[in-house]
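query-v5.pdb follows; it contains PDB, C-alpha atoms.
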ATOM      1  CA  MET A 533      14.309  18.316 -28.614  1.00  0.00           C
ATOM      2  CA  THR A 534      15.536  21.847 -28.050  1.00  0.00           C
ATOM      3  CA  PRO A 535      15.056  23.688 -24.721  1.00  0.00           C
ATOM      4  CA  THR A 536      12.570  26.038 -26.368  1.00  0.00           C
ATOM      5  CA  THR A 537      10.474  23.112 -27.592  1.00  0.00           C
ATOM      6  CA  ARG A 538      10.569  21.528 -24.139  1.00  0.00           C
ATOM      7  CA  ARG A 539       9.304  24.733 -22.557  1.00  0.00           C
ATOM      8  CA  LEU A 540       6.500  25.031 -25.099  1.00  0.00           C
ATOM      9  CA  VAL A 541       5.408  21.431 -24.490  1.00  0.00           C
ATOM     10  CA  CYS A 542       5.641  21.896 -20.718  1.00  0.00           C
ATOM     11  CA  PHE A 543       3.724  25.166 -20.577  1.00  0.00           C
ATOM     12  CA  GLY A 544       1.140  23.967 -23.098  1.00  0.00           C
ATOM     13  CA  SER A 545       0.487  20.763 -21.153  1.00  0.00           C
ATOM     14  CA  ALA A 546       0.354  22.666 -17.861  1.00  0.00           C
ATOM     15  CA  ALA A 547      -2.145  25.125 -19.314  1.00  0.00           C
ATOM     16  CA  ALA A 548      -4.353  22.299 -20.607  1.00  0.00           C
ATOM     17  CA  VAL A 549      -4.314  20.408 -17.305  1.00  0.00           C
ATOM     18  CA  GLY A 550      -4.859  23.640 -15.369  1.00  0.00           C
ATOM     19  CA  GLY A 551      -7.856  24.474 -17.536  1.00  0.00           C
ATOM     20  CA  LEU A 552      -9.400  21.062 -16.896  1.00  0.00           C
ATOM     21  CA  LEU A 553      -8.823  21.388 -13.144  1.00  0.00           C
ATOM     22  CA  LEU A 554     -10.344  24.855 -13.115  1.00  0.00           C
ATOM     23  CA  HIS A 555     -13.352  23.615 -15.088  1.00  0.00           C
ATOM     24  CA  GLY A 556     -13.788  20.776 -12.608  1.00  0.00           C
ATOM     25  CA  LEU A 557     -13.606  23.111  -9.620  1.00  0.00           C
ATOM     26  CA  VAL A 558     -16.161  25.487 -11.111  1.00  0.00           C
ATOM     27  CA  ARG A 559     -18.603  22.624 -11.793  1.00  0.00           C
ATOM     28  CA  LEU A 560     -18.325  21.145  -8.302  1.00  0.00           C
ATOM     29  CA  PRO A 561     -21.697  20.866  -6.522  1.00  0.00           C
ATOM     30  CA  SER A 562     -22.256  22.969  -3.427  1.00  0.00           C
ATOM     31  CA  PHE A 563     -21.296  21.505  -0.065  1.00  0.00           C
ATOM     32  CA  GLY A 564     -23.865  19.025   1.227  1.00  0.00           C
ATOM     33  CA  SER A 565     -25.559  18.363  -2.127  1.00  0.00           C
ATOM     34  CA  TYR A 566     -25.300  15.074  -4.012  1.00  0.00           C
ATOM     35  CA  ARG A 567     -26.186  14.817  -7.701  1.00  0.00           C
ATOM     36  CA  GLY A 568     -25.708  11.152  -8.506  1.00  0.00           C
ATOM     37  CA  PRO A 569     -27.941   8.243  -7.441  1.00  0.00           C
ATOM     38  CA  TYR A 570     -25.109   5.691  -7.196  1.00  0.00           C
ATOM     39  CA  GLY A 571     -24.344   6.267  -3.516  1.00  0.00           C
ATOM     40  CA  ASP A 572     -28.027   6.386  -2.575  1.00  0.00           C
ATOM     41  CA  VAL A 573     -28.662   3.044  -4.284  1.00  0.00           C
ATOM     42  CA  LEU A 574     -25.698   1.439  -2.537  1.00  0.00           C
ATOM     43  CA  ASN A 575     -26.653   2.806   0.873  1.00  0.00           C
ATOM     44  CA  ALA A 576     -30.119   1.367   0.413  1.00  0.00           C
ATOM     45  CA  THR A 577     -29.121  -2.073  -0.901  1.00  0.00           C
ATOM     46  CA  ALA A 578     -25.485  -2.943  -0.089  1.00  0.00           C
ATOM     47  CA  VAL A 579     -25.995  -3.870   3.562  1.00  0.00           C
ATOM     48  CA  GLY A 580     -28.845  -6.216   2.701  1.00  0.00           C
ATOM     49  CA  GLU A 581     -27.095  -7.737  -0.298  1.00  0.00           C
ATOM     50  CA  ARG A 582     -23.545  -8.048   1.048  1.00  0.00           C
ATOM     51  CA  HIS A 583     -24.022  -7.872   4.844  1.00  0.00           C
ATOM     52  CA  ALA A 584     -21.162  -5.357   4.965  1.00  0.00           C
ATOM     53  CA  THR A 585     -21.748  -2.130   6.892  1.00  0.00           C
ATOM     54  CA  ASN A 586     -18.771  -0.323   5.314  1.00  0.00           C
ATOM     55  CA  ILE A 587     -20.117   0.484   1.866  1.00  0.00           C
ATOM     56  CA  PRO A 588     -16.774   1.558   0.287  1.00  0.00           C
ATOM     57  CA  SER A 589     -15.293  -1.855   1.130  1.00  0.00           C
ATOM     58  CA  ALA A 590     -18.341  -3.562  -0.357  1.00  0.00           C
ATOM     59  CA  VAL A 591     -17.776  -1.553  -3.537  1.00  0.00           C
ATOM     60  CA  ASN A 592     -14.018  -2.135  -3.672  1.00  0.00           C
ATOM     61  CA  PHE A 593     -14.031  -5.847  -2.853  1.00  0.00           C
ATOM     62  CA  ASP A 594     -17.372  -7.021  -4.222  1.00  0.00           C
ATOM     63  CA  TYR A 595     -19.304  -4.794  -6.615  1.00  0.00           C
ATOM     64  CA  ARG A 596     -16.164  -3.767  -8.502  1.00  0.00           C
ATOM     65  CA  ALA A 597     -13.642  -6.221  -7.070  1.00  0.00           C
ATOM     66  CA  PHE A 598     -12.143  -6.793 -10.535  1.00  0.00           C
ATOM     67  CA  ASP A 599     -11.163  -3.107 -10.760  1.00  0.00           C
ATOM     68  CA  THR A 600      -9.393  -3.403  -7.411  1.00  0.00           C
ATOM     69  CA  VAL A 601      -7.169  -6.107  -8.909  1.00  0.00           C
ATOM     70  CA  GLY A 602      -5.781  -3.474 -11.253  1.00  0.00           C
ATOM     71  CA  GLU A 603      -5.303  -0.965  -8.440  1.00  0.00           C
ATOM     72  CA  GLU A 604      -3.453  -3.515  -6.335  1.00  0.00           C
ATOM     73  CA  PHE A 605      -1.172  -4.547  -9.171  1.00  0.00           C
ATOM     74  CA  ILE A 606      -0.386  -0.918 -10.016  1.00  0.00           C
ATOM     75  CA  LEU A 607       1.230  -0.672  -6.588  1.00  0.00           C
ATOM     76  CA  PHE A 608       2.865  -4.087  -7.009  1.00  0.00           C
ATOM     77  CA  VAL A 609       4.439  -3.248 -10.367  1.00  0.00           C
ATOM     78  CA  ALA A 610       5.495   0.234  -9.238  1.00  0.00           C
ATOM     79  CA  VAL A 611       7.347  -1.121  -6.197  1.00  0.00           C
ATOM     80  CA  VAL A 612       8.963  -3.943  -8.159  1.00  0.00           C
ATOM     81  CA  GLY A 613      10.083  -1.500 -10.848  1.00  0.00           C
ATOM     82  CA  LEU A 614      11.604   0.847  -8.280  1.00  0.00           C
ATOM     83  CA  ALA A 615      13.411  -2.034  -6.566  1.00  0.00           C
ATOM     84  CA  VAL A 616      14.843  -3.274  -9.864  1.00  0.00           C
ATOM     85  CA  LEU A 617      15.958   0.230 -10.836  1.00  0.00           C
ATOM     86  CA  PHE A 618      17.621   0.927  -7.501  1.00  0.00           C
ATOM     87  CA  ARG A 619      19.343  -2.441  -7.307  1.00  0.00           C
ATOM     88  CA  GLU A 620      20.724  -2.084 -10.802  1.00  0.00           C
ATOM     89  CA  GLN A 621      22.232   1.292  -9.992  1.00  0.00           C
ATOM     90  CA  ARG A 622      23.319   0.496  -6.438  1.00  0.00           C
ATOM     91  CA  ASP A 623      26.885  -0.452  -5.679  1.00  0.00           C
ATOM     92  CA  GLN A 624      26.693  -3.959  -4.245  1.00  0.00           C
ATOM     93  CA  SER A 625      30.112  -3.836  -2.581  1.00  0.00           C
ATOM     94  CA  CYS A 626      29.602  -3.874   1.186  1.00  0.00           C
ATOM     95  CA  GLU A 627      33.186  -2.745   1.774  1.00  0.00           C
ATOM     96  CA  GLN A 628      32.491   0.643   0.201  1.00  0.00           C
ATOM     97  CA  GLN A 629      29.495   1.349   2.384  1.00  0.00           C
ATOM     98  CA  GLN A 630      30.056   3.550   5.388  1.00  0.00           C
ATOM     99  CA  GLU A 631      28.969   1.799   8.543  1.00  0.00           C
ATOM    100  CA  ARG A 632      27.017   4.062  10.808  1.00  0.00           C
ATOM    101  CA  ARG A 633      25.999   3.175  14.338  1.00  0.00           C
ATOM    102  CA  ARG A 634      23.573   5.201  16.350  1.00  0.00           C
ATOM    103  CA  HIS A 635      23.124   5.128  20.065  1.00  0.00           C
ATOM    104  CA  ILE A 636      19.493   4.917  21.097  1.00  0.00           C
ATOM    105  CA  SER A 637      18.564   5.376  24.713  1.00  0.00           C
ATOM    106  CA  GLU A 638      16.775   2.635  26.583  1.00  0.00           C
ATOM    107  CA  ALA A 639      13.769   4.873  27.210  1.00  0.00           C
ATOM    108  CA  VAL A 640      13.346   5.529  23.486  1.00  0.00           C
ATOM    109  CA  GLN A 641      13.621   1.817  22.787  1.00  0.00           C
ATOM    110  CA  TRP A 642      10.894   0.946  25.289  1.00  0.00           C
ATOM    111  CA  VAL A 643       8.588   3.630  23.904  1.00  0.00           C
ATOM    112  CA  GLY A 644       9.295   2.407  20.379  1.00  0.00           C
ATOM    113  CA  ILE A 645       8.510  -1.181  21.328  1.00  0.00           C
ATOM    114  CA  GLY A 646       5.202  -0.043  22.783  1.00  0.00           C
ATOM    115  CA  LEU A 647       4.390   1.949  19.652  1.00  0.00           C
ATOM    116  CA  PHE A 648       5.327  -1.031  17.483  1.00  0.00           C
ATOM    117  CA  GLY A 649       2.794  -3.252  19.225  1.00  0.00           C
ATOM    118  CA  PHE A 650       0.169  -0.532  18.967  1.00  0.00           C
ATOM    119  CA  LEU A 651       0.776  -0.016  15.237  1.00  0.00           C
ATOM    120  CA  VAL A 652       0.594  -3.744  14.507  1.00  0.00           C
ATOM    121  CA  LEU A 653      -2.620  -4.096  16.508  1.00  0.00           C
ATOM    122  CA  LEU A 654      -4.168  -1.004  14.936  1.00  0.00           C
ATOM    123  CA  GLY A 655      -3.210  -2.032  11.397  1.00  0.00           C
ATOM    124  CA  ALA A 656      -4.494  -5.587  11.841  1.00  0.00           C
ATOM    125  CA  THR A 657      -7.748  -4.282  13.339  1.00  0.00           C
ATOM    126  CA  ILE A 658      -8.340  -1.902  10.439  1.00  0.00           C
ATOM    127  CA  VAL A 659      -7.667  -4.681   7.918  1.00  0.00           C
ATOM    128  CA  LEU A 660      -9.876  -7.279   9.607  1.00  0.00           C
ATOM    129  CA  HIS A 661     -12.730  -4.837  10.286  1.00  0.00           C
ATOM    130  CA  GLY A 662     -12.590  -3.164   6.881  1.00  0.00           C
ATOM    131  CA  HIS A 663     -16.021  -4.507   5.929  1.00  0.00           C
ATOM    132  CA  LEU A 664     -17.575  -3.163   9.140  1.00  0.00           C
ATOM    133  CA  THR A 665     -15.928   0.200   9.823  1.00  0.00           C
ATOM    134  CA  PRO A 666     -14.006   2.779   7.752  1.00  0.00           C
ATOM    135  CA  GLY A 667     -10.699   1.325   6.625  1.00  0.00           C
ATOM    136  CA  GLY A 668      -9.643  -1.896   4.943  1.00  0.00           C
ATOM    137  CA  GLY A 669      -6.648  -3.590   3.405  1.00  0.00           C
ATOM    138  CA  PHE A 670      -5.126  -0.501   1.799  1.00  0.00           C
ATOM    139  CA  GLN A 671      -5.339   1.696   4.891  1.00  0.00           C
ATOM    140  CA  GLY A 672      -4.387  -1.016   7.376  1.00  0.00           C
ATOM    141  CA  GLY A 673      -1.536  -2.178   5.167  1.00  0.00           C
ATOM    142  CA  VAL A 674       0.061   1.277   5.239  1.00  0.00           C
ATOM    143  CA  ILE A 675      -0.141   1.349   9.041  1.00  0.00           C
ATOM    144  CA  LEU A 676       1.487  -2.088   9.272  1.00  0.00           C
ATOM    145  CA  ALA A 677       4.287  -0.851   7.017  1.00  0.00           C
ATOM    146  CA  MET A 678       4.835   2.048   9.428  1.00  0.00           C
ATOM    147  CA  ALA A 679       5.593  -0.562  12.081  1.00  0.00           C
ATOM    148  CA  ALA A 680       8.406  -1.896   9.864  1.00  0.00           C
ATOM    149  CA  LEU A 681       9.819   1.613   9.527  1.00  0.00           C
ATOM    150  CA  LEU A 682       9.681   2.012  13.305  1.00  0.00           C
ATOM    151  CA  ILE A 683      11.822  -1.109  13.683  1.00  0.00           C
ATOM    152  CA  TYR A 684      14.507   0.523  11.565  1.00  0.00           C
ATOM    153  CA  LEU A 685      14.337   3.761  13.527  1.00  0.00           C
ATOM    154  CA  LEU A 686      14.945   1.780  16.708  1.00  0.00           C
ATOM    155  CA  GLY A 687      17.523  -0.684  15.398  1.00  0.00           C
ATOM    156  CA  GLY A 688      19.401   1.219  12.721  1.00  0.00           C
ATOM    157  CA  ASP A 689      21.349  -0.228   9.827  1.00  0.00           C
ATOM    158  CA  GLU A 690      21.753  -3.682  11.332  1.00  0.00           C
ATOM    159  CA  VAL A 691      18.004  -4.185  11.385  1.00  0.00           C
ATOM    160  CA  LEU A 692      17.777  -2.683   7.896  1.00  0.00           C
ATOM    161  CA  GLU A 693      20.156  -5.345   6.600  1.00  0.00           C
ATOM    162  CA  ARG A 694      18.040  -8.059   8.179  1.00  0.00           C
ATOM    163  CA  LEU A 695      14.874  -6.624   6.676  1.00  0.00           C
ATOM    164  CA  GLY A 696      16.416  -6.240   3.247  1.00  0.00           C
ATOM    165  CA  ARG A 697      18.400  -9.463   2.978  1.00  0.00           C
ATOM    166  CA  ARG A 698      16.999 -12.054   5.368  1.00  0.00           C
ATOM    167  CA  ALA A 699      13.262 -11.380   5.502  1.00  0.00           C
ATOM    168  CA  SER A 700      11.331 -12.371   2.384  1.00  0.00           C
ATOM    169  CA  ILE A 701       9.501  -9.093   1.850  1.00  0.00           C
ATOM    170  CA  GLU A 702       9.292  -9.641  -1.895  1.00  0.00           C
ATOM    171  CA  THR A 703       7.756 -13.071  -1.338  1.00  0.00           C
ATOM    172  CA  VAL A 704       5.167 -11.677   1.061  1.00  0.00           C
ATOM    173  CA  GLU A 705       4.246  -8.920  -1.380  1.00  0.00           C
ATOM    174  CA  ALA A 706       3.877 -11.392  -4.232  1.00  0.00           C
ATOM    175  CA  ALA A 707       1.863 -13.738  -2.016  1.00  0.00           C
ATOM    176  CA  GLY A 708      -0.573 -10.961  -1.091  1.00  0.00           C
ATOM    177  CA  ALA A 709      -1.086  -9.923  -4.710  1.00  0.00           C
ATOM    178  CA  GLY A 710      -1.346 -13.529  -5.862  1.00  0.00           C
ATOM    179  CA  ALA A 711      -3.800 -14.436  -3.092  1.00  0.00           C
ATOM    180  CA  TYR A 712      -6.255 -11.833  -4.396  1.00  0.00           C
ATOM    181  CA  VAL A 713      -6.204 -13.418  -7.851  1.00  0.00           C
ATOM    182  CA  LEU A 714      -6.340 -16.951  -6.439  1.00  0.00           C
ATOM    183  CA  ILE A 715      -9.485 -16.090  -4.480  1.00  0.00           C
ATOM    184  CA  GLY A 716     -11.104 -14.935  -7.700  1.00  0.00           C
ATOM    185  CA  LEU A 717      -9.976 -18.068  -9.546  1.00  0.00           C
ATOM    186  CA  SER A 718     -11.322 -20.279  -6.750  1.00  0.00           C
ATOM    187  CA  MET A 719     -14.732 -18.640  -7.153  1.00  0.00           C
ATOM    188  CA  LEU A 720     -14.454 -19.279 -10.885  1.00  0.00           C
ATOM    189  CA  ALA A 721     -13.574 -22.943 -10.283  1.00  0.00           C
ATOM    190  CA  ALA A 722     -16.531 -23.275  -7.917  1.00  0.00           C
ATOM    191  CA  GLY A 723     -18.923 -22.400 -10.730  1.00  0.00           C
ATOM    192  CA  GLY A 724     -19.319 -18.651 -10.257  1.00  0.00           C
ATOM    193  CA  ALA A 725     -17.858 -15.633 -11.989  1.00  0.00           C
ATOM    194  CA  PHE A 726     -14.380 -14.325 -11.298  1.00  0.00           C
ATOM    195  CA  LEU A 727     -14.401 -12.779  -7.790  1.00  0.00           C
ATOM    196  CA  GLU A 728     -18.107 -13.535  -7.392  1.00  0.00           C
ATOM    197  CA  ASN A 729     -18.936 -14.079  -3.745  1.00  0.00           C
ATOM    198  CA  LEU A 730     -19.983 -17.699  -3.140  1.00  0.00           C
ATOM    199  CA  LEU A 731     -19.206 -17.742   0.589  1.00  0.00           C
ATOM    200  CA  PRO A 732     -21.771 -17.396   3.400  1.00  0.00           C
ATOM    201  CA  LEU A 733     -22.540 -13.743   4.071  1.00  0.00           C
ATOM    202  CA  GLY A 734     -23.037 -14.153   7.811  1.00  0.00           C
ATOM    203  CA  GLN A 735     -24.859 -11.688  10.001  1.00  0.00           C
ATOM    204  CA  SER A 736     -24.436  -7.970   9.369  1.00  0.00           C
ATOM    205  CA  GLY A 737     -22.235  -6.285  11.925  1.00  0.00           C
ATOM    206  CA  ARG A 738     -20.304  -9.454  12.810  1.00  0.00           C
ATOM    207  CA  LEU A 739     -16.653 -10.101  12.009  1.00  0.00           C
ATOM    208  CA  ASN A 740     -17.509 -13.169   9.896  1.00  0.00           C
ATOM    209  CA  SER A 741     -19.967 -11.251   7.698  1.00  0.00           C
ATOM    210  CA  GLY A 742     -19.430  -9.999   4.168  1.00  0.00           C
ATOM    211  CA  GLY A 743     -18.381 -13.281   2.578  1.00  0.00           C
ATOM    212  CA  MET A 744     -15.106 -13.046   0.674  1.00  0.00           C
ATOM    213  CA  ILE A 745     -14.730  -9.306   1.368  1.00  0.00           C
ATOM    214  CA  VAL A 746     -12.803 -10.209   4.524  1.00  0.00           C
ATOM    215  CA  LEU A 747     -10.428 -12.485   2.596  1.00  0.00           C
ATOM    216  CA  LEU A 748      -9.786  -9.870  -0.080  1.00  0.00           C
ATOM    217  CA  ASN A 749      -9.149  -7.247   2.587  1.00  0.00           C
ATOM    218  CA  VAL A 750      -6.559  -9.487   4.234  1.00  0.00           C
ATOM    219  CA  ALA A 751      -4.847 -10.264   0.904  1.00  0.00           C
ATOM    220  CA  THR A 752      -4.731  -6.557   0.083  1.00  0.00           C
ATOM    221  CA  GLY A 753      -3.401  -5.691   3.532  1.00  0.00           C
ATOM    222  CA  VAL A 754      -0.581  -8.216   3.172  1.00  0.00           C
ATOM    223  CA  GLU A 755       0.396  -6.913  -0.278  1.00  0.00           C
ATOM    224  CA  VAL A 756       0.223  -3.221   0.656  1.00  0.00           C
ATOM    225  CA  SER A 757       2.158  -3.611   3.924  1.00  0.00           C
ATOM    226  CA  ALA A 758       4.919  -5.617   2.236  1.00  0.00           C
ATOM    227  CA  ALA A 759       5.040  -3.203  -0.712  1.00  0.00           C
ATOM    228  CA  PHE A 760       5.548  -0.144   1.477  1.00  0.00           C
ATOM    229  CA  ALA A 761       8.013  -1.989   3.703  1.00  0.00           C
ATOM    230  CA  LEU A 762       9.994  -2.868   0.584  1.00  0.00           C
ATOM    231  CA  LEU A 763       9.872   0.777  -0.488  1.00  0.00           C
ATOM    232  CA  PHE A 764      11.314   1.834   2.862  1.00  0.00           C
ATOM    233  CA  VAL A 765      14.103  -0.726   2.636  1.00  0.00           C
ATOM    234  CA  GLU A 766      15.039   0.253  -0.914  1.00  0.00           C
ATOM    235  CA  PHE A 767      15.082   3.984  -0.213  1.00  0.00           C
ATOM    236  CA  LEU A 768      17.048   3.504   2.998  1.00  0.00           C
ATOM    237  CA  GLU A 769      19.537   1.269   1.216  1.00  0.00           C
ATOM    238  CA  GLU A 770      19.835   3.894  -1.506  1.00  0.00           C
ATOM    239  CA  SER A 771      20.581   6.561   1.096  1.00  0.00           C
ATOM    240  CA  ARG A 772      23.461   4.427   2.430  1.00  0.00           C
ATOM    241  CA  LYS A 773      25.303   4.337  -0.885  1.00  0.00           C
ATOM    242  CA  PRO A 774      28.776   5.857  -0.688  1.00  0.00           C
ATOM    243  CA  PRO A 775      29.049   9.148  -2.566  1.00  0.00           C
ATOM    244  CA  ARG A 776      30.507   8.939  -6.043  1.00  0.00           C
ATOM    245  CA  GLU A 777      34.041  10.109  -6.365  1.00  0.00           C
ATOM    246  CA  PRO A 778      34.496  12.926  -8.880  1.00  0.00           C
ATOM    247  CA  SER A 779      35.998  11.715 -12.126  1.00  0.00           C
TER     248      SER A 779
END
If you took the structure in this file and wrote it as structure tokens, what would it be?
Amino acid sequence: MTPTTRRLVCFGSAAAVGGLLLHGLVRLPSFGSYRGPYGDVLNATAVGERHATNIPSAVNFDYRAFDTVGEEFILFVAVVGLAVLFREQRDQSCEQQQERRRHISEAVQWVGIGLFGFLVLLGATIVLHGHLTPGGGFQGGVILAMAALLIYLLGGDEVLERLGRRASIETVEAAGAGAYVLIGLSMLAAGGAFLENLLPLGQSGRLNSGGMIVLLNVATGVEVSAAFALLFVEFLEESRKPPREPS
């Protein structure tokens, strides 16, 4: 393909996408108005039917839980593909890597340790209370992954090597993604439909309410946190590659 053809394809595609975006912006409803009945129906029925006070989580992990399988595996496949691509291109010789040590003051380390505990607690709380308050497995999983990045910022390359080579991040990510599917298969084996809730719903507003929504939130949180932690490790490892010598 010639450069002129590339430019024509690029500008033509950009014009088409820009036109669609502009059309969508023009047709947006005014602030405060709501045209569709879907949200109104869910607000009126979801709490009574699912005993979950966070309606988006009830939608994601119950009403359309099968769609969330696809969303979760999009992230899973994307991270695995990036890891495979980076590892294929990366020079595996440890002797060629430049060892860099950073001095971190004791005060910064203590503050980092405190922030690490806070991030873990906050992420776990958002995951476990995803059916009650805004949040869930996706949001809490990202926060838990931030705690892994904080460990690297405090410990440097030595901790990075432990995270990348000794900890089984890939196994945890696969376990989280597989647990979501296994929960659906267990419901199927119990006589229901795939991902149909057959567990007790509990009392609305309590931690044990919502049936299997809690379990799916936890599985998603495990997969998302491990996926982003693996992303951090791969990008940081890529940044430590020795520069290529000019041929």
Mind telling me what the PyMOL selection byres ((chain A and resi 748-762) around 7) catches here, as a ChimeraX atom specification?
/A:593,608,611,659-660,662,668-670,672-674,676-677,680,701,704-706,708-709,711-712,744-747,763-766
What would the file look like if the residues just selected were written as an mmCIF file, in the coordinates of the input with C-alpha atoms?
data_model
loop_
_atom_site.group_PDB
_atom_site.id
_atom_site.type_symbol
_atom_site.label_atom_id
_atom_site.label_comp_id
_atom_site.auth_asym_id
_atom_site.auth_seq_id
_atom_site.Cartn_x
_atom_site.Cartn_y
_atom_site.Cartn_z
ATOM 1 C CA PHE A 593 -14.031 -5.847 -2.853
ATOM 2 C CA PHE A 608 2.865 -4.087 -7.009
ATOM 3 C CA VAL A 611 7.347 -1.121 -6.197
ATOM 4 C CA VAL A 659 -7.667 -4.681 7.918
ATOM 5 C CA LEU A 660 -9.876 -7.279 9.607
ATOM 6 C CA GLY A 662 -12.590 -3.164 6.881
ATOM 7 C CA GLY A 668 -9.643 -1.896 4.943
ATOM 8 C CA GLY A 669 -6.648 -3.590 3.405
ATOM 9 C CA PHE A 670 -5.126 -0.501 1.799
ATOM 10 C CA GLY A 672 -4.387 -1.016 7.376
ATOM 11 C CA GLY A 673 -1.536 -2.178 5.167
ATOM 12 C CA VAL A 674 0.061 1.277 5.239
ATOM 13 C CA LEU A 676 1.487 -2.088 9.272
ATOM 14 C CA ALA A 677 4.287 -0.851 7.017
ATOM 15 C CA ALA A 680 8.406 -1.896 9.864
ATOM 16 C CA ILE A 701 9.501 -9.093 1.850
ATOM 17 C CA VAL A 704 5.167 -11.677 1.061
ATOM 18 C CA GLU A 705 4.246 -8.920 -1.380
ATOM 19 C CA ALA A 706 3.877 -11.392 -4.232
ATOM 20 C CA GLY A 708 -0.573 -10.961 -1.091
ATOM 21 C CA ALA A 709 -1.086 -9.923 -4.710
ATOM 22 C CA ALA A 711 -3.800 -14.436 -3.092
ATOM 23 C CA TYR A 712 -6.255 -11.833 -4.396
ATOM 24 C CA MET A 744 -15.106 -13.046 0.674
ATOM 25 C CA ILE A 745 -14.730 -9.306 1.368
ATOM 26 C CA VAL A 746 -12.803 -10.209 4.524
ATOM 27 C CA LEU A 747 -10.428 -12.485 2.596
ATOM 28 C CA LEU A 763 9.872 0.777 -0.488
ATOM 29 C CA PHE A 764 11.314 1.834 2.862
ATOM 30 C CA VAL A 765 14.103 -0.726 2.636
ATOM 31 C CA GLU A 766 15.039 0.253 -0.914
#
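Each of A:Gln621, A:Thr703, A:Thr534, A:Ser741 was checked against Leu664 (chain A) using all atoms listed in the file; the smallest atom-to-atom distance is that of A:Ser741.
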Given 3 Å on each side, where is the centre and what are the edge lengths in Å to one decimal of the axis-aligned box enclosing the listed atoms of region 577-584 of chain A, as JSON?
{"center_x": -25.1, "center_y": -5.1, "center_z": 2.0, "size_x": 14.0, "size_y": 12.0, "size_z": 11.9}
Residues within 8 Å of Arg582 (chain A), please, as a VMD selection string. Count all atoms listed in the file; anything in the same chain fewer than 2 positions from it doesn't count.
chain A and resid 578 to 580 584 590 733 742 to 743
Could you jot down the CA of Gly646 (chain A) to CA of Ser700 (chain A) separation for me, Å, one decimal place?
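It comes out at 24.6 Å.
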